[in-house]
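The structure file my_file31.cif is reproduced below (mmCIF, C-alpha atoms).
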```cif
data_upload
loop_
_atom_site.label_atom_id
_atom_site.label_comp_id
_atom_site.auth_asym_id
_atom_site.auth_seq_id
_atom_site.Cartn_x
_atom_site.Cartn_y
_atom_site.Cartn_z
CA MET V 1 109.25 146.09 -159.60
CA ARG V 2 107.69 144.11 -156.78
CA ALA V 3 108.38 140.88 -158.61
CA LEU V 4 112.01 141.87 -159.00
CA ALA V 5 112.30 142.57 -155.26
CA ILE V 6 110.84 139.14 -154.43
CA LEU V 7 113.20 137.51 -156.92
CA LEU V 8 116.20 139.25 -155.38
CA ALA V 9 115.10 138.27 -151.88
CA LEU V 10 114.68 134.64 -152.93
CA THR V 11 118.08 134.63 -154.62
CA GLY V 12 119.65 136.01 -151.44
CA LEU V 13 117.97 133.35 -149.34
CA LEU V 14 119.13 130.62 -151.70
CA ALA V 15 122.69 131.92 -151.55
CA LEU V 16 122.77 132.17 -147.75
CA GLY V 17 120.66 129.10 -147.01
CA PRO V 18 123.12 126.26 -147.63
CA ALA V 19 126.01 127.99 -145.87
CA ALA V 20 123.95 128.78 -142.80
CA GLY V 21 122.44 125.32 -142.77
CA MET V 22 125.76 123.48 -143.18
CA ALA V 23 127.36 125.18 -140.19
CA ALA V 24 125.09 123.37 -137.76
CA ALA V 25 124.03 120.38 -139.84
CA PRO V 26 124.69 117.22 -137.81
CA ARG V 27 127.22 114.97 -139.52
CA THR V 28 126.99 112.10 -137.09
CA THR V 29 124.79 110.86 -134.28
CA LEU V 30 125.25 110.03 -130.64
CA ASN V 31 124.20 106.44 -131.41
CA ASP V 32 126.99 106.13 -133.94
CA LEU V 33 129.62 107.39 -131.50
CA GLU V 34 128.52 105.85 -128.23
CA ASP V 35 130.05 102.42 -128.81
CA GLU V 36 133.41 103.91 -129.85
CA VAL V 37 133.86 106.13 -126.81
CA MET V 38 134.53 104.93 -123.28
CA CYS V 39 132.90 106.11 -120.10
CA ASP V 40 136.27 106.86 -118.53
CA THR V 41 135.17 106.44 -114.94
CA CYS V 42 133.15 103.25 -115.48
CA ASN V 43 135.60 101.59 -117.91
CA VAL V 44 132.83 100.44 -120.24
CA PRO V 45 131.75 101.82 -123.62
CA LEU V 46 129.41 104.78 -123.36
CA ASN V 47 126.49 102.92 -124.97
CA ILE V 48 126.18 100.65 -121.92
CA ALA V 49 127.34 103.08 -119.24
CA VAL V 50 124.98 104.42 -116.61
CA SER V 51 126.58 107.13 -114.48
CA ALA V 52 126.72 110.88 -113.99
CA ARG V 53 130.03 111.01 -115.85
CA ALA V 54 128.56 109.03 -118.77
CA ASP V 55 125.68 111.53 -118.94
CA GLN V 56 128.18 114.38 -118.98
CA GLU V 57 130.14 112.76 -121.83
CA ARG V 58 126.93 112.24 -123.82
CA ALA V 59 126.00 115.90 -123.29
CA GLN V 60 129.47 116.97 -124.44
CA ILE V 61 129.19 114.77 -127.56
CA ARG V 62 125.74 116.22 -128.31
CA ARG V 63 127.22 119.72 -128.10
CA LEU V 64 129.99 118.77 -130.53
CA ILE V 65 127.46 117.16 -132.90
CA ALA V 66 125.39 120.34 -132.78
CA GLN V 67 128.49 122.27 -133.84
CA GLY V 68 128.51 120.19 -137.03
CA LEU V 69 131.66 118.18 -136.27
CA THR V 70 132.18 114.83 -137.97
CA LYS V 71 132.53 111.58 -136.06
CA GLN V 72 136.32 111.59 -136.48
CA GLN V 73 136.59 115.25 -135.45
CA ILE V 74 134.61 114.53 -132.28
CA LYS V 75 136.80 111.55 -131.46
CA ASP V 76 139.91 113.68 -132.04
CA ARG V 77 138.54 116.41 -129.75
CA LEU V 78 137.78 113.92 -126.99
CA LYS V 79 141.20 112.30 -127.37
CA ALA V 80 142.92 115.68 -127.19
CA GLN V 81 140.99 116.58 -124.06
CA TYR V 82 141.04 113.32 -122.12
CA GLY V 83 143.83 111.28 -123.72
CA PRO V 84 143.66 108.13 -125.86
CA ALA V 85 141.98 106.05 -123.14
CA ILE V 86 138.70 107.85 -123.90
CA LEU V 87 138.41 105.86 -127.14
CA ALA V 88 137.12 102.30 -127.05
CA THR V 89 139.69 101.13 -129.60
CA PRO V 90 142.94 100.03 -127.91
CA GLU V 91 146.01 102.20 -128.41
CA HIS V 92 148.78 101.20 -130.82
CA SER V 93 151.54 101.57 -128.25
CA GLY V 94 152.67 100.28 -124.88
CA PHE V 95 150.85 97.53 -123.05
CA SER V 96 147.65 98.22 -125.01
CA LEU V 97 149.39 96.76 -128.06
CA ALA V 98 148.77 93.38 -126.45
CA ALA V 99 145.06 93.81 -127.26
CA TRP V 100 146.03 93.68 -130.95
CA TRP V 101 148.74 91.04 -131.09
CA VAL V 102 147.60 88.54 -128.45
CA PRO V 103 144.49 87.46 -130.44
CA VAL V 104 146.65 87.10 -133.57
CA ILE V 105 149.18 84.94 -131.70
CA VAL V 106 146.45 82.81 -130.14
CA VAL V 107 144.71 82.22 -133.48
CA ALA V 108 148.05 81.47 -135.17
CA ALA V 109 148.94 79.04 -132.38
CA LEU V 110 145.58 77.28 -132.69
CA ILE V 111 145.97 76.97 -136.46
CA GLY V 112 149.52 75.66 -135.96
CA LEU V 113 148.25 73.16 -133.43
CA LEU V 114 145.55 71.94 -135.82
CA VAL V 115 148.05 71.67 -138.69
CA ALA V 116 150.38 69.64 -136.48
CA LEU V 117 147.78 67.44 -134.83
CA LEU V 118 145.20 66.76 -137.56
CA PRO V 119 147.46 64.51 -139.72
CA ARG V 120 148.37 62.53 -136.60
CA TRP V 121 144.74 62.07 -135.59
CA ARG V 122 143.79 60.99 -139.10
CA ALA V 123 146.76 58.64 -139.34
CA ARG V 124 145.84 57.13 -136.00
CA GLN V 125 142.22 56.66 -137.05
CA ARG V 126 143.30 55.02 -140.29
CA ALA V 127 145.67 52.71 -138.43
CA GLU V 128 142.95 51.76 -135.96
CA ALA V 129 140.52 51.13 -138.80
CA ARG V 130 143.05 48.87 -140.53
CA ALA V 131 144.09 46.97 -137.46
CA GLY V 132 141.08 46.54 -135.30
CA ALA V 133 137.91 47.36 -137.15
CA PRO V 134 135.51 44.45 -136.66
CA ARG V 135 134.22 42.92 -139.87
CA GLY V 136 130.71 41.47 -140.09
CA PRO V 137 129.98 38.03 -141.48
CA ASP V 138 130.11 37.67 -145.26
CA LEU V 139 126.80 37.78 -147.07
CA SER V 140 125.47 34.60 -148.46
CA ALA V 141 124.69 34.58 -152.18
CA ALA V 142 120.95 34.58 -151.41
CA ASP V 143 121.22 37.54 -149.05
CA ALA V 144 123.34 39.48 -151.55
CA ARG V 145 120.77 38.88 -154.26
CA ARG V 146 117.91 39.99 -151.99
CA LEU V 147 119.84 43.14 -151.01
CA ASP V 148 120.44 44.01 -154.66
CA GLU V 149 116.76 43.56 -155.40
CA ASP V 150 115.77 45.75 -152.43
CA LEU V 151 118.14 48.48 -153.46
CA ALA V 152 116.92 48.37 -157.03
CA ARG V 153 113.41 49.22 -155.83
CA TYR V 154 114.60 52.58 -154.53
CA ASP V 155 114.93 55.40 -156.95
CA LEU V 156 118.25 56.83 -155.79
CA MET Z 29 165.12 57.22 -124.71
CA VAL Z 30 161.58 58.41 -125.34
CA LYS Z 31 161.17 61.14 -127.90
CA ARG Z 32 158.50 63.52 -126.59
CA SER Z 33 156.36 65.74 -128.73
CA ALA Z 34 157.17 69.47 -128.57
CA ILE Z 35 153.50 70.41 -128.98
CA PRO Z 36 152.33 70.00 -125.36
CA THR Z 37 155.38 71.97 -124.19
CA ALA Z 38 154.60 74.75 -126.64
CA VAL Z 39 150.96 74.83 -125.53
CA VAL Z 40 151.97 75.03 -121.86
CA LEU Z 41 154.48 77.81 -122.61
CA LEU Z 42 151.89 79.79 -124.59
CA ALA Z 43 149.31 79.41 -121.82
CA ALA Z 44 151.88 80.47 -119.22
CA ALA Z 45 152.82 83.51 -121.31
CA LEU Z 46 149.16 84.55 -121.59
CA VAL Z 47 148.61 84.12 -117.85
CA GLY Z 48 151.80 86.14 -117.21
CA LEU Z 49 150.54 88.90 -119.49
CA LEU Z 50 147.21 88.96 -117.68
CA VAL Z 51 148.89 89.16 -114.26
CA TYR Z 52 151.17 91.96 -115.49
CA GLY Z 53 148.22 93.89 -116.88
CA VAL Z 54 146.24 93.59 -113.66
CA ALA Z 55 149.27 94.44 -111.49
CA THR Z 56 150.26 97.55 -113.44
CA ARG Z 57 146.72 98.90 -113.49
CA GLY Z 58 145.96 98.20 -109.87
CA GLU Z 59 145.43 100.82 -107.20
CA ASP Z 60 148.47 102.72 -105.99
CA THR Z 61 148.19 102.96 -102.21
CA SER Z 62 151.84 103.74 -101.43
CA LEU Z 63 150.95 107.25 -100.20
CA ASP Z 64 148.20 105.87 -97.96
CA SER Z 65 150.46 103.33 -96.30
CA ALA Z 66 153.27 105.87 -95.78
CA VAL Z 67 150.92 108.43 -94.20
CA LYS Z 68 149.32 105.70 -92.11
CA LYS Z 69 152.76 104.79 -90.74
CA GLY Z 70 153.24 108.38 -89.66
CA GLN Z 71 155.69 109.16 -92.45
CA ARG Z 72 155.49 112.35 -94.47
CA PRO Z 73 156.14 111.30 -98.06
CA ALA Z 74 157.10 113.93 -100.61
CA ALA Z 75 154.12 115.02 -102.67
CA PRO Z 76 154.44 113.48 -106.13
CA GLY Z 77 154.17 115.35 -109.40
CA THR Z 78 155.13 118.74 -107.98
CA SER Z 79 156.76 119.86 -111.22
CA ILE Z 80 153.74 119.02 -113.41
CA ARG Z 81 152.25 122.22 -114.78
CA LEU Z 82 148.52 122.18 -115.41
CA PRO Z 83 146.29 124.80 -117.02
CA SER Z 84 143.72 126.79 -115.10
CA LEU Z 85 140.04 126.12 -115.82
CA ASP Z 86 139.85 128.97 -118.33
CA GLY Z 87 143.21 128.02 -119.83
CA SER Z 88 144.63 131.48 -119.21
CA SER Z 89 147.53 130.37 -117.01
CA GLN Z 90 149.47 127.34 -115.79
CA ARG Z 91 150.53 126.33 -112.33
CA SER Z 92 152.39 123.52 -110.56
CA LEU Z 93 152.57 122.43 -106.94
CA ALA Z 94 156.22 123.52 -106.94
CA ASP Z 95 155.00 127.10 -107.37
CA LEU Z 96 153.25 126.77 -104.01
CA ARG Z 97 156.27 125.55 -102.03
CA GLY Z 98 156.31 127.33 -98.67
CA LYS Z 99 152.52 127.24 -98.38
CA VAL Z 100 150.21 124.72 -96.78
CA VAL Z 101 148.23 123.26 -99.70
CA VAL Z 102 144.93 121.42 -99.59
CA LEU Z 103 144.97 119.57 -102.90
CA ASN Z 104 141.47 118.48 -103.86
CA PHE Z 105 140.59 116.33 -106.89
CA TRP Z 106 137.03 116.96 -108.03
CA ALA Z 107 134.62 116.92 -110.96
CA SER Z 108 131.35 118.65 -111.73
CA TRP Z 109 129.53 115.32 -112.14
CA CYS Z 110 130.56 114.14 -108.66
CA GLU Z 111 127.87 114.76 -106.06
CA PRO Z 112 130.09 114.40 -102.96
CA CYS Z 113 132.39 117.00 -104.56
CA ALA Z 114 129.50 119.44 -104.53
CA ASP Z 115 128.69 118.51 -100.95
CA GLU Z 116 132.22 119.19 -99.72
CA ALA Z 117 132.77 122.39 -101.73
CA PRO Z 118 131.50 124.69 -98.90
CA LEU Z 119 133.92 123.04 -96.44
CA LEU Z 120 136.82 123.56 -98.81
CA GLU Z 121 135.74 127.14 -99.42
CA SER Z 122 135.73 127.73 -95.69
CA ALA Z 123 139.20 126.12 -95.45
CA GLN Z 124 140.37 128.46 -98.19
CA HIS Z 125 139.30 131.50 -96.14
CA GLN Z 126 141.03 130.06 -93.07
CA LEU Z 127 144.24 129.29 -94.99
CA ALA Z 128 144.38 132.59 -96.85
CA SER Z 129 145.18 134.45 -93.65
CA THR Z 130 148.21 132.21 -93.03
CA GLY Z 131 149.47 132.03 -96.59
CA GLY Z 132 147.98 128.65 -97.40
CA ILE Z 133 145.75 127.67 -100.27
CA VAL Z 134 143.14 125.17 -101.41
CA LEU Z 135 144.02 123.99 -104.90
CA GLY Z 136 141.38 122.13 -106.87
CA VAL Z 137 142.29 119.79 -109.72
CA THR Z 138 139.54 118.55 -112.00
CA TYR Z 139 139.48 114.85 -112.85
CA LYS Z 140 137.82 113.51 -116.02
CA ASP Z 141 135.62 116.54 -116.36
CA ASP Z 142 134.51 118.79 -119.21
CA ALA Z 143 135.97 122.27 -118.68
CA VAL Z 144 132.63 123.92 -119.56
CA ASP Z 145 130.92 121.99 -116.77
CA SER Z 146 133.83 122.60 -114.37
CA ARG Z 147 133.49 126.35 -114.82
CA ALA Z 148 129.72 126.10 -114.30
CA PHE Z 149 130.36 124.15 -111.07
CA VAL Z 150 132.69 126.89 -109.80
CA ARG Z 151 130.04 129.54 -110.48
CA ARG Z 152 127.18 127.48 -109.06
CA HIS Z 153 128.97 126.68 -105.80
CA LYS Z 154 130.66 130.09 -105.52
CA VAL Z 155 134.10 128.53 -105.31
CA THR Z 156 136.87 131.11 -104.97
CA TYR Z 157 139.92 128.85 -104.65
CA PRO Z 158 141.77 128.14 -107.89
CA SER Z 159 141.37 124.93 -109.87
CA LEU Z 160 143.52 123.35 -112.53
CA ARG Z 161 142.56 120.94 -115.30
CA ASP Z 162 144.21 117.51 -115.32
CA GLY Z 163 142.64 116.55 -118.65
CA LYS Z 164 145.23 113.97 -119.65
CA LEU Z 165 145.61 112.63 -116.13
CA GLN Z 166 149.19 113.65 -115.53
CA LEU Z 167 148.79 114.38 -111.82
CA ALA Z 168 145.87 112.31 -110.47
CA PRO Z 169 147.44 108.86 -111.09
CA LYS Z 170 150.54 109.91 -109.14
CA TYR Z 171 148.27 110.26 -106.10
CA GLY Z 172 146.50 106.97 -106.82
CA THR Z 173 143.34 108.93 -107.52
CA ASP Z 174 140.71 107.01 -109.45
CA LYS Z 175 137.59 107.84 -107.46
CA LEU Z 176 136.27 111.19 -106.35
CA PRO Z 177 136.57 113.26 -104.33
CA GLU Z 178 140.08 112.85 -102.93
CA THR Z 179 142.00 115.38 -100.84
CA PHE Z 180 145.67 115.61 -99.87
CA VAL Z 181 147.03 118.08 -97.35
CA LEU Z 182 150.62 119.18 -97.98
CA ASP Z 183 152.84 121.00 -95.51
CA ARG Z 184 155.08 123.95 -96.38
CA ARG Z 185 157.87 121.61 -97.45
CA GLY Z 186 155.65 119.86 -99.98
CA ARG Z 187 155.14 116.70 -97.95
CA VAL Z 188 151.83 114.83 -97.66
CA VAL Z 189 150.59 115.17 -94.10
CA ALA Z 190 147.10 113.69 -94.46
CA LEU Z 191 144.82 112.34 -97.13
CA SER Z 192 141.17 111.59 -97.51
CA ARG Z 193 139.85 109.23 -100.17
CA GLY Z 194 136.22 110.26 -100.16
CA GLU Z 195 134.32 113.32 -99.04
CA VAL Z 196 136.20 115.36 -96.44
CA SER Z 197 134.75 116.18 -93.06
CA LYS Z 198 135.23 119.42 -91.14
CA ASP Z 199 137.17 117.53 -88.47
CA PHE Z 200 139.52 115.99 -91.02
CA LEU Z 201 140.27 119.35 -92.62
CA GLN Z 202 140.83 121.11 -89.29
CA ALA Z 203 143.16 118.40 -87.96
CA ALA Z 204 145.07 118.02 -91.23
CA ILE Z 205 145.59 121.76 -91.72
CA GLN Z 206 146.69 122.11 -88.10
CA ALA Z 207 149.18 119.27 -88.51
CA ALA Z 208 150.51 120.76 -91.76
CA GLN Z 209 150.96 124.19 -90.20
CA ALA Z 210 152.64 122.74 -87.12
CA ARG Z 211 155.32 121.03 -89.20
CA ALA Z 212 156.57 124.19 -90.78
#
```

Step by step, read the file and then write its structure as structure tokens.
Amino acid sequence: MRALAILLALTGLLALGPAAGMAAAPRTTLNDLEDEVMCDTCNVPLNIAVSARADQERAQIRRLIAQGLTKQQIKDRLKAQYGPAILATPEHSGFSLAAWWVPVIVVAALIGLLVALLPRWRARQRAEARAGAPRGPDLSAADARRLDEDLARYDL
Amino acid sequence: MVKRSAIPTAVVLLAAALVGLLVYGVATRGEDTSLDSAVKKGQRPAAPGTSIRLPSLDGSSQRSLADLRGKVVVLNFWASWCEPCADEAPLLESAQHQLASTGGIVLGVTYKDDAVDSRAFVRRHKVTYPSLRDGKLQLAPKYGTDKLPETFVLDRRGRVVALSRGEVSKDFLQAAIQAAQARA
């Protein structure tokens, strides 16, 4: 009888355990979130921010982590409360779009520049080599023979 | 006629466009001091954002400055993490008692603050005047507010009579409220 009671109690604990544990199980860490959230008064990511507001944001994130929210859920909560500027990733609208397309344009322009200029540079170098490259004196037959013998001694 | 390469021109244009973009970005995100200069010149500019409705700290109701037309309003932007805000809270509380008898009001608006902490601040400092949450910064930027605390005194016609960017003093509040009441 006693064994049955213990068995039932254990079964109950096993059934309740995971559900109770999952409710507050942390699904992310402050470290993981800090570089993706801005300190909105210091205008730097939270991981390098030192201010009273940054401390408050960290405390708020810790509270949300303790509630078992995922990284994305926490970011969504912060965005809903403070607006999109709270996230370190630039927005996909308005002037912030420039943060996405300006680097692409600059890289494309640099590649275009290289594509346009490289053939010219190479052509110019080839032309210079053909026209003005100084040639040394021709080897005498004796020198050529000695050079061949020297080279033959090396195991290349 | 010399045929010039288009590449240097394109590079110059691209560089100019990037510099232009940078200038635009800096200019549009710069400080808005239009209210300051108007008040400094003795003008009484209309308070901006009067129709914006913001929720109370507990989220139970909403209010806008337009609802307070006809009253002298001391509009104070604050946050629980801001030490000078805590320092000036007793002065604002005292102004609230003074204004209440004449139909005026101190209206707090929280700036970049967690509502849980805002409510704790109100309890800790025994603040009785109402405060609204400007979570998505609908109102504060219209006043050029980006540092705390900042206070704007509005007359009964909803015009800005005086402003303080920084902690208020007793003298500032007295003079500004007097001026706002005199212009009724």

For Asp55 (chain V), work out the shell of residues within 12 Å, counting only C-alpha atoms and skipping chain neighbours fewer than 2 positions away, then give it as a ChimeraX atom specification.
-> /V:30,34,38-42,46-53,57-62 /Z:108-110,141-142,145

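Between CA of Phe95 (chain V) and CA of Ala80 (chain V) the separation is 20.2 Å.
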
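Residues within 12 Å of region 107-111 of chain V, counting all atoms listed in the file and excluding same-chain residues fewer than 6 positions away, are V:Trp100, V:Trp101, V:Leu117, V:Leu118, Z:Ile35, Z:Pro36, Z:Ala38, Z:Val39, Z:Val40, Z:Leu41, Z:Leu42, Z:Ala43.
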
Near chain V, which residues of chain Z fall within 7 Å when you count all atoms listed in the file, and what do they look like as a compact mmCIF listing (two decimals) with C-alpha atoms, in the frame of the given file?
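Output below, filename selection33.txt:
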```txt
# COMPACT_ATOMS: atom_id res chain seq x y z
CA TRP Z 109 129.53 115.32 -112.14
CA LYS Z 140 137.82 113.51 -116.02
CA GLY Z 163 142.64 116.55 -118.65
CA LYS Z 164 145.23 113.97 -119.65
```

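For the structure shown here, the set of residues caught by the PyMOL selection byres ((chain Z and resi 122) around 12) is Val102, Glu116, Ala117, Pro118, Leu119, Leu120, Glu121, Ala123, Gln124, His125, Gln126, Leu127, Ala128, Ser129, Ile133, Val134, Lys154, Val155, Thr156, Tyr157, Ser197, Lys198, Leu201 and Gln202 of chain Z.
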
Sorted by chain and rising residue number, which residues of region 113-142 of chain Z lie within 9 Å of region 170-184 of chain Z, and what are their closest atom pairs and distances in Å to one decimal, counting only C-alpha atoms, as a Markdown table?
```
| residue | atom | partner | partner_atom | distance |
| --- | --- | --- | --- | --- |
| Z:Cys113 | CA | Z:Pro177 | CA | 5.6 |
| Z:Glu116 | CA | Z:Pro177 | CA | 8.7 |
| Z:Gly132 | CA | Z:Arg184 | CA | 8.6 |
| Z:Tyr139 | CA | Z:Leu176 | CA | 8.1 |
```

Got a sec: who's within 12 Å of Leu167 (chain Z), counting only C-alpha atoms, leaving out chain neighbours fewer than 4 positions off, as a list in words?
-> Ala75, Pro76, Gly77, Thr78, Ser79, Ile80, Arg81, Leu82, Pro83, Ser92, Leu93, Leu103, Asn104, Phe105, Gly136, Val137, Thr138, Tyr139, Lys140, Leu160, Arg161, Asp162, Gly163, Tyr171, Gly172, Thr173 and Asp174 of chain Z

Selection export as a compact mmCIF listing (two decimals), in the frame of the given file, atoms kept: C-alpha atoms:
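Result went into part.txt, see below:
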```
# COMPACT_ATOMS: atom_id res chain seq x y z
CA ALA Z 75 154.12 115.02 -102.67
CA PRO Z 76 154.44 113.48 -106.13
CA GLY Z 77 154.17 115.35 -109.40
CA THR Z 78 155.13 118.74 -107.98
CA SER Z 79 156.76 119.86 -111.22
CA ILE Z 80 153.74 119.02 -113.41
CA ARG Z 81 152.25 122.22 -114.78
CA LEU Z 82 148.52 122.18 -115.41
CA PRO Z 83 146.29 124.80 -117.02
CA SER Z 92 152.39 123.52 -110.56
CA LEU Z 93 152.57 122.43 -106.94
CA LEU Z 103 144.97 119.57 -102.90
CA ASN Z 104 141.47 118.48 -103.86
CA PHE Z 105 140.59 116.33 -106.89
CA GLY Z 136 141.38 122.13 -106.87
CA VAL Z 137 142.29 119.79 -109.72
CA THR Z 138 139.54 118.55 -112.00
CA TYR Z 139 139.48 114.85 -112.85
CA LYS Z 140 137.82 113.51 -116.02
CA LEU Z 160 143.52 123.35 -112.53
CA ARG Z 161 142.56 120.94 -115.30
CA ASP Z 162 144.21 117.51 -115.32
CA GLY Z 163 142.64 116.55 -118.65
CA TYR Z 171 148.27 110.26 -106.10
CA GLY Z 172 146.50 106.97 -106.82
CA THR Z 173 143.34 108.93 -107.52
CA ASP Z 174 140.71 107.01 -109.45
```

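The space between CA of Asp64 (chain Z) and CA of Thr130 (chain Z) spans 26.8 Å.
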
Residue with the minimum atom-to-atom distance to Gln206 (chain Z), picked from Z:Arg147, Z:Pro112, Z:Val101, Z:Gly186 with all atoms listed in the file counted, is Z:Val101

Using all atoms listed in the file, pick whichever of Z:Ser146, Z:Gln90, Z:Thr61, Z:Ser84 has the shortest atom-to-atom distance to Ala107 (chain Z).
-> Z:Ser146

Result set, the PyMOL selection byres ((chain V and resi 88) around 7) on current file, as a PyMOL selection string | chain V and resi 36-38+45+86-87+89-90

Could you write out the selected residues, including C-alpha atoms, as a tab-separated table (two decimals), keeping the file's coordinate frame?
```tsv
chain	number	residue	atom	x	y	z
V	36	GLU	CA	133.41	103.91	-129.85
V	37	VAL	CA	133.86	106.13	-126.81
V	38	MET	CA	134.53	104.93	-123.28
V	45	PRO	CA	131.75	101.82	-123.62
V	86	ILE	CA	138.70	107.85	-123.90
V	87	LEU	CA	138.41	105.86	-127.14
V	89	THR	CA	139.69	101.13	-129.60
V	90	PRO	CA	142.94	100.03	-127.91
```

Å distance separating CA of Phe149 (chain Z) from CA of Ile65 (chain V), one decimal place | 23.1 Å

Shell of 7 Å around Pro26 (chain V), all atoms listed in the file, local chain residues under 2 positions omitted, as a PyMOL selection string = chain V and resi 24+28+65-66+68

Could you give me region 87-106 of chain V completed to N, CA and C atoms, formatted as a PDB file, keeping the file's coordinate frame?
```
ATOM      1  N   LEU V  87     138.926 106.605-125.989  1.00  0.00           N
ATOM      2  CA  LEU V  87     138.410 105.860-127.140  1.00  0.00           C
ATOM      3  C   LEU V  87     138.348 104.368-126.824  1.00  0.00           C
ATOM      4  N   ALA V  88     137.314 103.727-127.355  1.00  0.00           N
ATOM      5  CA  ALA V  88     137.120 102.300-127.050  1.00  0.00           C
ATOM      6  C   ALA V  88     138.116 101.418-127.781  1.00  0.00           C
ATOM      7  N   THR V  89     138.693 101.919-128.861  1.00  0.00           N
ATOM      8  CA  THR V  89     139.690 101.130-129.600  1.00  0.00           C
ATOM      9  C   THR V  89     141.013 101.170-128.842  1.00  0.00           C
ATOM     10  N   PRO V  90     141.663 100.011-128.643  1.00  0.00           N
ATOM     11  CA  PRO V  90     142.940 100.030-127.910  1.00  0.00           C
ATOM     12  C   PRO V  90     143.990 100.864-128.632  1.00  0.00           C
ATOM     13  N   GLU V  91     144.932 101.399-127.834  1.00  0.00           N
ATOM     14  CA  GLU V  91     146.010 102.200-128.410  1.00  0.00           C
ATOM     15  C   GLU V  91     146.977 101.299-129.189  1.00  0.00           C
ATOM     16  N   HIS V  92     147.796 101.949-130.031  1.00  0.00           N
ATOM     17  CA  HIS V  92     148.780 101.200-130.820  1.00  0.00           C
ATOM     18  C   HIS V  92     150.168 101.301-130.201  1.00  0.00           C
ATOM     19  N   SER V  93     150.230 101.489-128.899  1.00  0.00           N
ATOM     20  CA  SER V  93     151.540 101.570-128.250  1.00  0.00           C
ATOM     21  C   SER V  93     151.426 101.045-126.832  1.00  0.00           C
ATOM     22  N   GLY V  94     152.605 100.723-126.268  1.00  0.00           N
ATOM     23  CA  GLY V  94     152.670 100.280-124.880  1.00  0.00           C
ATOM     24  C   GLY V  94     151.952  98.957-124.654  1.00  0.00           C
ATOM     25  N   PHE V  95     151.481  98.795-123.431  1.00  0.00           N
ATOM     26  CA  PHE V  95     150.850  97.530-123.050  1.00  0.00           C
ATOM     27  C   PHE V  95     149.571  97.281-123.847  1.00  0.00           C
ATOM     28  N   SER V  96     148.908  98.367-124.269  1.00  0.00           N
ATOM     29  CA  SER V  96     147.650  98.220-125.010  1.00  0.00           C
ATOM     30  C   SER V  96     147.852  97.501-126.346  1.00  0.00           C
ATOM     31  N   LEU V  97     149.091  97.504-126.823  1.00  0.00           N
ATOM     32  CA  LEU V  97     149.390  96.760-128.060  1.00  0.00           C
ATOM     33  C   LEU V  97     149.005  95.294-127.930  1.00  0.00           C
ATOM     34  N   ALA V  98     149.088  94.791-126.706  1.00  0.00           N
ATOM     35  CA  ALA V  98     148.770  93.380-126.450  1.00  0.00           C
ATOM     36  C   ALA V  98     147.354  93.050-126.925  1.00  0.00           C
ATOM     37  N   ALA V  99     146.451  94.030-126.832  1.00  0.00           N
ATOM     38  CA  ALA V  99     145.060  93.810-127.260  1.00  0.00           C
ATOM     39  C   ALA V  99     145.001  93.488-128.750  1.00  0.00           C
ATOM     40  N   TRP V 100     146.001  93.960-129.521  1.00  0.00           N
ATOM     41  CA  TRP V 100     146.030  93.680-130.950  1.00  0.00           C
ATOM     42  C   TRP V 100     146.749  92.385-131.266  1.00  0.00           C
ATOM     43  N   TRP V 101     147.955  92.191-130.643  1.00  0.00           N
ATOM     44  CA  TRP V 101     148.740  91.040-131.090  1.00  0.00           C
ATOM     45  C   TRP V 101     148.433  89.734-130.360  1.00  0.00           C
ATOM     46  N   VAL V 102     147.899  89.802-129.163  1.00  0.00           N
ATOM     47  CA  VAL V 102     147.600  88.540-128.450  1.00  0.00           C
ATOM     48  C   VAL V 102     146.562  87.696-129.215  1.00  0.00           C
ATOM     49  N   PRO V 103     145.446  88.296-129.677  1.00  0.00           N
ATOM     50  CA  PRO V 103     144.490  87.460-130.440  1.00  0.00           C
ATOM     51  C   PRO V 103     145.116  86.851-131.690  1.00  0.00           C
ATOM     52  N   VAL V 104     145.994  87.620-132.354  1.00  0.00           N
ATOM     53  CA  VAL V 104     146.650  87.100-133.570  1.00  0.00           C
ATOM     54  C   VAL V 104     147.522  85.906-133.211  1.00  0.00           C
ATOM     55  N   ILE V 105     148.296  86.041-132.120  1.00  0.00           N
ATOM     56  CA  ILE V 105     149.180  84.940-131.700  1.00  0.00           C
ATOM     57  C   ILE V 105     148.356  83.715-131.315  1.00  0.00           C
ATOM     58  N   VAL V 106     147.274  83.946-130.585  1.00  0.00           N
ATOM     59  CA  VAL V 106     146.450  82.810-130.140  1.00  0.00           C
ATOM     60  C   VAL V 106     145.839  82.084-131.337  1.00  0.00           C
TER      61      VAL V 106
END
```
